[in-house]
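The next block is upload_4.pdb, given as PDB, C-alpha atoms.
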```
ATOM      1  CA  MET A   5      18.419  35.123  54.419
ATOM      2  CA  ASP A   6      18.251  36.719  57.846
ATOM      3  CA  ARG A   7      14.742  35.385  58.564
ATOM      4  CA  ILE A   8      15.137  31.764  57.466
ATOM      5  CA  THR A   9      17.691  29.003  57.991
ATOM      6  CA  TRP A  10      19.708  27.025  55.477
ATOM      7  CA  SER A  11      17.456  24.016  56.157
ATOM      8  CA  SER A  12      14.017  25.661  56.068
ATOM      9  CA  SER A  13      12.311  28.567  54.331
ATOM     10  CA  ARG A  14       9.363  28.490  56.740
ATOM     11  CA  ILE A  15       8.585  31.833  58.351
ATOM     12  CA  GLU A  16       6.155  32.920  61.057
ATOM     13  CA  ARG A  17       3.568  35.517  60.109
ATOM     14  CA  TRP A  18       4.907  38.084  62.593
ATOM     15  CA  HIS A  19       8.258  38.036  60.756
ATOM     16  CA  LEU A  20       6.703  38.956  57.406
ATOM     17  CA  LYS A  21       7.610  42.291  55.839
ATOM     18  CA  ARG A  22       5.799  44.349  53.234
ATOM     19  CA  GLY A  23       6.842  43.277  49.749
ATOM     20  CA  ASP A  24       7.866  39.739  50.749
ATOM     21  CA  HIS A  25       7.445  36.968  48.178
ATOM     22  CA  ILE A  26       5.690  34.255  50.152
ATOM     23  CA  TYR A  27       4.487  30.801  49.222
ATOM     24  CA  CYS A  28       2.719  27.837  50.795
ATOM     25  CA  TRP A  29       3.121  24.160  50.000
ATOM     26  CA  ARG A  30      -0.378  22.771  49.530
ATOM     27  CA  THR A  31      -0.515  19.977  52.097
ATOM     28  CA  ARG A  32      -3.907  18.761  50.876
ATOM     29  CA  ALA A  33      -2.105  17.780  47.673
ATOM     30  CA  GLY A  34       0.720  16.058  49.499
ATOM     31  CA  CYS A  35       2.938  19.165  49.192
ATOM     32  CA  LEU A  36       3.239  18.526  45.458
ATOM     33  CA  TYR A  37       2.876  22.174  44.567
ATOM     34  CA  SER A  38       3.107  25.622  46.077
ATOM     35  CA  HIS A  39       1.119  28.826  45.709
ATOM     36  CA  HIS A  40       2.942  32.182  45.564
ATOM     37  CA  GLY A  41       2.017  35.787  46.283
ATOM     38  CA  ILE A  42       3.295  39.188  47.381
ATOM     39  CA  TYR A  43       2.640  40.103  51.006
ATOM     40  CA  GLU A  44       1.495  43.648  51.763
ATOM     41  CA  SER A  45      -0.358  43.088  55.047
ATOM     42  CA  ASP A  46      -2.325  40.387  56.861
ATOM     43  CA  GLN A  47      -5.371  41.720  55.010
ATOM     44  CA  LYS A  48      -3.692  41.967  51.587
ATOM     45  CA  VAL A  49      -1.710  39.336  49.731
ATOM     46  CA  ILE A  50      -1.557  39.995  45.990
ATOM     47  CA  GLN A  51      -1.556  36.800  43.942
ATOM     48  CA  TYR A  52      -2.197  35.457  40.457
ATOM     49  CA  CYS A  53      -4.569  32.595  39.763
ATOM     50  CA  SER A  54      -6.557  31.098  36.925
ATOM     51  CA  ALA A  55     -10.293  31.593  36.563
ATOM     52  CA  SER A  56     -10.819  27.896  37.191
ATOM     53  CA  THR A  57      -9.240  28.183  40.629
ATOM     54  CA  PHE A  58     -12.656  28.897  42.085
ATOM     55  CA  SER A  59     -16.022  27.579  41.008
ATOM     56  CA  SER A  60     -18.898  30.043  40.900
ATOM     57  CA  SER A  61     -21.124  27.620  42.765
ATOM     58  CA  SER A  62     -18.641  26.395  45.337
ATOM     59  CA  SER A  63     -16.404  27.722  48.065
ATOM     60  CA  SER A  64     -13.803  25.053  47.422
ATOM     61  CA  ARG A  65     -10.363  25.638  46.004
ATOM     62  CA  GLN A  66      -9.853  23.712  42.805
ATOM     63  CA  ALA A  67      -6.661  21.818  42.262
ATOM     64  CA  GLY A  68      -3.439  22.829  40.761
ATOM     65  CA  SER A  69      -4.695  25.796  38.809
ATOM     66  CA  ASP A  70      -3.525  28.475  41.208
ATOM     67  CA  GLY A  71       0.024  28.716  40.022
ATOM     68  CA  SER A  72       1.034  25.402  41.387
ATOM     69  CA  SER A  73       4.277  24.852  39.547
ATOM     70  CA  ALA A  74       7.437  26.714  40.316
ATOM     71  CA  LEU A  75       8.254  27.467  36.694
ATOM     72  CA  TYR A  76       8.103  23.772  35.837
ATOM     73  CA  PRO A  77       5.096  21.538  36.520
ATOM     74  CA  THR A  78       5.337  19.290  39.548
ATOM     75  CA  LEU A  79       2.061  17.480  39.019
ATOM     76  CA  LEU A  80       3.325  15.501  36.067
ATOM     77  CA  PHE A  81       2.177  12.104  37.232
ATOM     78  CA  LEU A  82      -1.127  12.835  38.944
ATOM     79  CA  PRO A  83      -4.390  13.237  37.081
ATOM     80  CA  LEU A  84      -5.800  16.707  37.664
ATOM     81  CA  VAL A  85      -9.110  15.228  38.807
ATOM     82  CA  ALA A  86      -7.424  13.251  41.587
ATOM     83  CA  VAL A  87      -5.492  16.302  42.695
ATOM     84  CA  SER A  88      -8.692  18.320  42.684
ATOM     85  CA  ALA A  89     -10.327  15.891  45.050
ATOM     86  CA  MET A  90      -7.275  15.958  47.326
ATOM     87  CA  THR A  91      -6.954  19.725  47.525
ATOM     88  CA  GLN A  92     -10.507  20.941  48.038
ATOM     89  CA  ALA A  93     -10.727  23.115  51.127
ATOM     90  CA  ARG A  94     -13.598  25.168  52.527
ATOM     91  CA  ARG A  95     -12.925  28.882  52.365
ATOM     92  CA  THR A  96     -14.182  30.881  55.306
ATOM     93  CA  CYS A  97     -13.625  34.401  53.991
ATOM     94  CA  ILE A  98     -16.436  35.342  51.607
ATOM     95  CA  ALA A  99     -14.754  38.580  50.503
ATOM     96  CA  CYS A 100     -11.613  36.734  49.398
ATOM     97  CA  ARG A 101     -13.588  34.000  47.688
ATOM     98  CA  GLU A 102     -15.574  36.555  45.711
ATOM     99  CA  ALA A 103     -12.458  38.528  44.739
ATOM    100  CA  GLU A 104     -10.597  35.417  43.573
ATOM    101  CA  ARG A 105     -13.447  33.767  41.705
ATOM    102  CA  GLU A 106     -12.724  35.545  38.422
ATOM    103  CA  GLY A 107      -9.011  34.774  38.437
ATOM    104  CA  GLY A 108      -6.167  36.976  37.284
ATOM    105  CA  VAL A 109      -4.305  39.225  39.710
ATOM    106  CA  VAL A 110      -6.365  39.357  42.896
ATOM    107  CA  ILE A 111      -6.190  40.128  46.621
ATOM    108  CA  SER A 112      -6.792  37.796  49.521
ATOM    109  CA  CYS A 113      -6.195  38.006  53.235
ATOM    110  CA  LEU A 114      -3.235  36.057  54.593
ATOM    111  CA  ASP A 115      -5.452  33.381  56.172
ATOM    112  CA  CYS A 116      -7.208  32.617  52.883
ATOM    113  CA  PHE A 117      -3.914  32.690  50.991
ATOM    114  CA  THR A 118      -2.338  30.112  53.310
ATOM    115  CA  GLU A 119      -5.438  27.896  53.669
ATOM    116  CA  GLY A 120      -3.929  26.730  56.948
ATOM    117  CA  ASP A 121      -0.604  25.725  55.378
ATOM    118  CA  ASN A 122       2.783  26.962  56.595
ATOM    119  CA  ILE A 123       4.100  30.236  55.211
ATOM    120  CA  CYS A 124       7.459  30.093  53.446
ATOM    121  CA  LEU A 125       9.678  32.952  52.326
ATOM    122  CA  PHE A 126      11.054  32.911  48.782
ATOM    123  CA  VAL A 127      14.616  34.212  49.060
ATOM    124  CA  TYR A 128      16.594  36.333  46.608
ATOM    125  CA  SER A 129      20.312  37.144  46.219
ATOM    126  CA  VAL A 130      21.398  33.739  47.494
ATOM    127  CA  PRO A 131      24.806  32.299  46.590
ATOM    128  CA  ARG A 132      24.679  29.903  43.642
ATOM    129  CA  TRP A 133      25.913  26.995  45.818
ATOM    130  CA  PHE A 134      22.994  27.585  48.213
ATOM    131  CA  ARG A 135      20.476  27.569  45.385
ATOM    132  CA  ASN A 136      21.981  24.352  44.016
ATOM    133  CA  VAL A 137      21.758  22.650  47.431
ATOM    134  CA  TRP A 138      18.053  23.531  47.627
ATOM    135  CA  LEU A 139      17.502  22.051  44.153
ATOM    136  CA  ILE A 140      18.827  18.643  45.231
ATOM    137  CA  GLY A 141      15.712  17.989  47.312
ATOM    138  CA  SER A 142      13.236  19.427  44.824
ATOM    139  CA  PRO A 143      14.553  19.801  41.279
ATOM    140  CA  THR A 144      11.267  21.181  39.935
ATOM    141  CA  GLN A 145      10.289  23.487  42.819
ATOM    142  CA  HIS A 146      12.560  26.490  43.151
ATOM    143  CA  THR A 147      12.386  28.360  46.452
ATOM    144  CA  CYS A 148      15.194  30.869  46.001
ATOM    145  CA  LEU A 149      17.014  32.803  43.290
ATOM    146  CA  VAL A 150      20.490  34.208  42.809
ATOM    147  CA  GLU A 151      18.909  37.316  41.250
ATOM    148  CA  ALA A 152      18.640  40.447  43.404
ATOM    149  CA  GLU A 153      15.263  41.726  44.598
ATOM    150  CA  ASP A 154      14.042  45.294  44.259
ATOM    151  CA  PRO A 155      13.146  47.467  47.273
ATOM    152  CA  PRO A 156       9.774  46.683  48.924
ATOM    153  CA  GLU A 157       8.069  49.866  47.688
ATOM    154  CA  THR A 158       9.043  49.051  44.086
ATOM    155  CA  VAL A 159       7.770  45.486  44.531
ATOM    156  CA  LEU A 160       4.440  46.669  45.952
ATOM    157  CA  ARG A 161       4.038  49.352  43.277
ATOM    158  CA  ARG A 162       4.566  46.695  40.593
ATOM    159  CA  ALA A 163       2.131  44.265  42.259
ATOM    160  CA  ASN A 164      -0.552  46.928  42.753
ATOM    161  CA  ASN A 165      -0.146  48.159  39.165
ATOM    162  CA  LEU A 166      -0.718  44.590  37.949
ATOM    163  CA  LEU A 167      -3.707  44.329  40.279
ATOM    164  CA  ALA A 168      -5.210  47.371  38.562
ATOM    165  CA  ASN A 169      -4.106  46.662  34.974
ATOM    166  CA  HIS A 170      -3.088  42.975  34.874
ATOM    167  CA  GLY A 171      -0.438  43.618  32.205
ATOM    168  CA  GLY A 172       0.919  40.240  31.089
ATOM    169  CA  PHE A 173      -0.907  38.535  33.957
ATOM    170  CA  SER A 174      -4.536  38.629  32.808
ATOM    171  CA  VAL A 175      -6.792  35.687  33.504
ATOM    172  CA  ASP A 176      -6.592  34.771  29.803
ATOM    173  CA  SER A 177      -2.782  34.647  29.840
ATOM    174  CA  TYR A 178      -2.552  32.310  32.845
ATOM    175  CA  ASP A 179      -0.612  29.166  32.020
ATOM    176  CA  PHE A 180       0.159  26.388  34.502
ATOM    177  CA  VAL A 181       3.731  26.013  33.213
ATOM    178  CA  THR A 182       4.842  29.285  31.628
ATOM    179  CA  ASN A 183       2.833  32.070  33.318
ATOM    180  CA  ASN A 184       1.693  31.189  36.834
ATOM    181  CA  CYS A 185       1.690  32.643  40.352
ATOM    182  CA  GLN A 186       5.417  32.137  40.829
ATOM    183  CA  HIS A 187       6.205  33.956  37.587
ATOM    184  CA  PHE A 188       3.982  36.784  38.835
ATOM    185  CA  ALA A 189       5.708  37.028  42.224
ATOM    186  CA  ILE A 190       9.202  36.880  40.689
ATOM    187  CA  TYR A 191       8.253  39.612  38.224
ATOM    188  CA  CYS A 192       6.992  41.779  41.091
ATOM    189  CA  LYS A 193      10.236  41.234  43.013
ATOM    190  CA  THR A 194      12.721  41.654  40.158
ATOM    191  CA  GLY A 195      10.961  43.367  37.243
ATOM    192  CA  ARG A 196      11.969  40.417  35.055
ATOM    193  CA  LYS A 197       9.779  37.682  33.617
ATOM    194  CA  LEU A 198      11.794  34.523  34.124
ATOM    195  CA  THR A 199      10.830  31.373  32.294
ATOM    196  CA  ARG A 200      13.751  29.327  33.557
ATOM    197  CA  PHE A 201      16.450  29.574  36.131
ATOM    198  CA  ASN A 202      20.163  29.982  35.515
TER     199      ASN A 202
END
```
Let me see the structure of the file written as structure tokens.
Amino acid sequence: MDRITWSSSRIERWHLKRGDHIYCWRTRAGCLYSHHGIYESDQKVIQYCSASTFSSSSSSRQAGSDGSSALYPTLLFLPLVAVSAMTQARRTCIACREAEREGGVVISCLDCFTEGDNICLFVYSVPRWFRNVWLIGSPTQHTCLVEAEDPPETVLRRANNLLANHGGFSVDSYDFVTNNCQHFAIYCKTGRKLTRFN
């Protein structure tokens, strides 16, 4: 917790470290969901997304299908079509767009990952009281865990292995609620597949 405050998990890009679990609240969707990934460098953020995240004929991000929920869906009351219209954003990096089009575990640069939204740091090894305070404001969007994180090299090895082999994070196994980008990032950080928080 040395790089964030008790009131904000926002972090500047120059404070990022290899192996960080980062996320961005999607402002085009009214900050209703966040997208998660593992930071390796400004040119490489490893993330998990569904195949429908990108259309083969468009450079627009499609709504909600990129791991939006933080283990529980937060888009319960909005039709997916309306969210799609709200969250479309032009992508300027052709290489990232092409890499992400197929879905699954993919790489993007930091700029494409953030889509202009603020970068936040997902924090591990927090006291239970701290985690509970964070949950008061957003009971369905978890931004920290009491579980310990593994060393950065272990995290990056895990993420890069999944990039090469997908493991339990293939495009076919993507699920908005039970197997999304946050599950992927937490697995990379801890080696555990969490489906709910303690």
Pick the closest to Val137 of chain A from A:Val181, A:Ile50, A:Leu149, A:Ala55: which is it, counting only C-alpha atoms?
->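 Under the stated criterion, the closest residue is A:Leu149.
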Among listed residues A:Cys185, A:Cys53, A:Ile190, A:Val175, nearest Asp154 of chain A (using all atoms listed in the file) = A:Ile190
Rank A:Glu119, A:Asp46, A:Cys124, A:His187 by their smallest atom-to-atom distance to Arg32 of chain A, using all atoms listed in the file, and report the top residue only.
->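 Among the listed residues, the smallest separation from Arg32 of chain A belongs to A:Glu119.
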For Glu44 of chain A, which of A:Cys116, A:Ala168, A:Ile123, A:Ile111 is the closest residue, counting all atoms listed in the file?
->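 Of A:Cys116, A:Ala168, A:Ile123, A:Ile111, the one nearest Glu44 of chain A, counting all atoms listed in the file, is A:Ile111.
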So which one's closest to Ala99 of chain A, A:Gly41, A:Lys48, A:Arg30, A:Val130? Using only C-alpha atoms, please.
-> A:Lys48
If you measure from atom CA of Val49 of chain A to atom CA of Arg135 of chain A, what distance in Å do you get, rounded to one decimal?
->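 Taking atom CA of Val49 of chain A as the start and atom CA of Arg135 of chain A as the end point, the length is 25.5 Å.
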Name the residues, using the chain letters and numbers of the file, that sit within 6 Å of (-0.4, 38.2, 40.3) when counting all atoms listed in the file, and give them as a ChimeraX atom specification.
-> /A:51-52,109,185,188
Kindly export the residues of the current selection with C-alpha atoms, as a CSV table (one decimal), keeping the file's coordinate frame.
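As written to disk, part.csv reads:
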```
chain,number,residue,atom,x,y,z
A,51,GLN,CA,-1.6,36.8,43.9
A,52,TYR,CA,-2.2,35.5,40.5
A,109,VAL,CA,-4.3,39.2,39.7
A,185,CYS,CA,1.7,32.6,40.4
A,188,PHE,CA,4.0,36.8,38.8
```
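Comparing the minimum interatomic distances between Glu104 of chain A and each of A:Ala152, A:Ser174, A:Glu157, A:Ser54, counting all atoms listed in the file, we find that A:Ser54 sits nearest.
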Between atom CA of Asn183 of chain A and atom CA of Ser13 of chain A, what is the distance, to one decimal in Å?
->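 Computed distance, atom CA of Asn183 of chain A to atom CA of Ser13 of chain A, equals 23.3 Å.
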On this structure, which residues satisfy the PyMOL selection byres ((chain A and resi 23) around 8), written as a PDB file with C-alpha atoms, keeping the file's coordinate frame?
```pdb
ATOM      1  CA  LYS A  21       7.610  42.291  55.839  1.00  0.00           C
ATOM      2  CA  ARG A  22       5.799  44.349  53.234  1.00  0.00           C
ATOM      3  CA  ASP A  24       7.866  39.739  50.749  1.00  0.00           C
ATOM      4  CA  HIS A  25       7.445  36.968  48.178  1.00  0.00           C
ATOM      5  CA  ILE A  42       3.295  39.188  47.381  1.00  0.00           C
ATOM      6  CA  TYR A  43       2.640  40.103  51.006  1.00  0.00           C
ATOM      7  CA  GLU A  44       1.495  43.648  51.763  1.00  0.00           C
ATOM      8  CA  PRO A 155      13.146  47.467  47.273  1.00  0.00           C
ATOM      9  CA  PRO A 156       9.774  46.683  48.924  1.00  0.00           C
ATOM     10  CA  GLU A 157       8.069  49.866  47.688  1.00  0.00           C
ATOM     11  CA  VAL A 159       7.770  45.486  44.531  1.00  0.00           C
ATOM     12  CA  LEU A 160       4.440  46.669  45.952  1.00  0.00           C
ATOM     13  CA  LYS A 193      10.236  41.234  43.013  1.00  0.00           C
TER      14      LYS A 193
END
```
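Going from atom CA of Arg105 of chain A to atom CA of Thr194 of chain A covers 27.4 Å.
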Within-12 Å shell of (5.9, 28.5, 55.1) in input frame, only C-alpha atoms, as a ChimeraX atom specification | /A:7-8,12-17,19-20,25-31,35,38-40,114,117-126,147
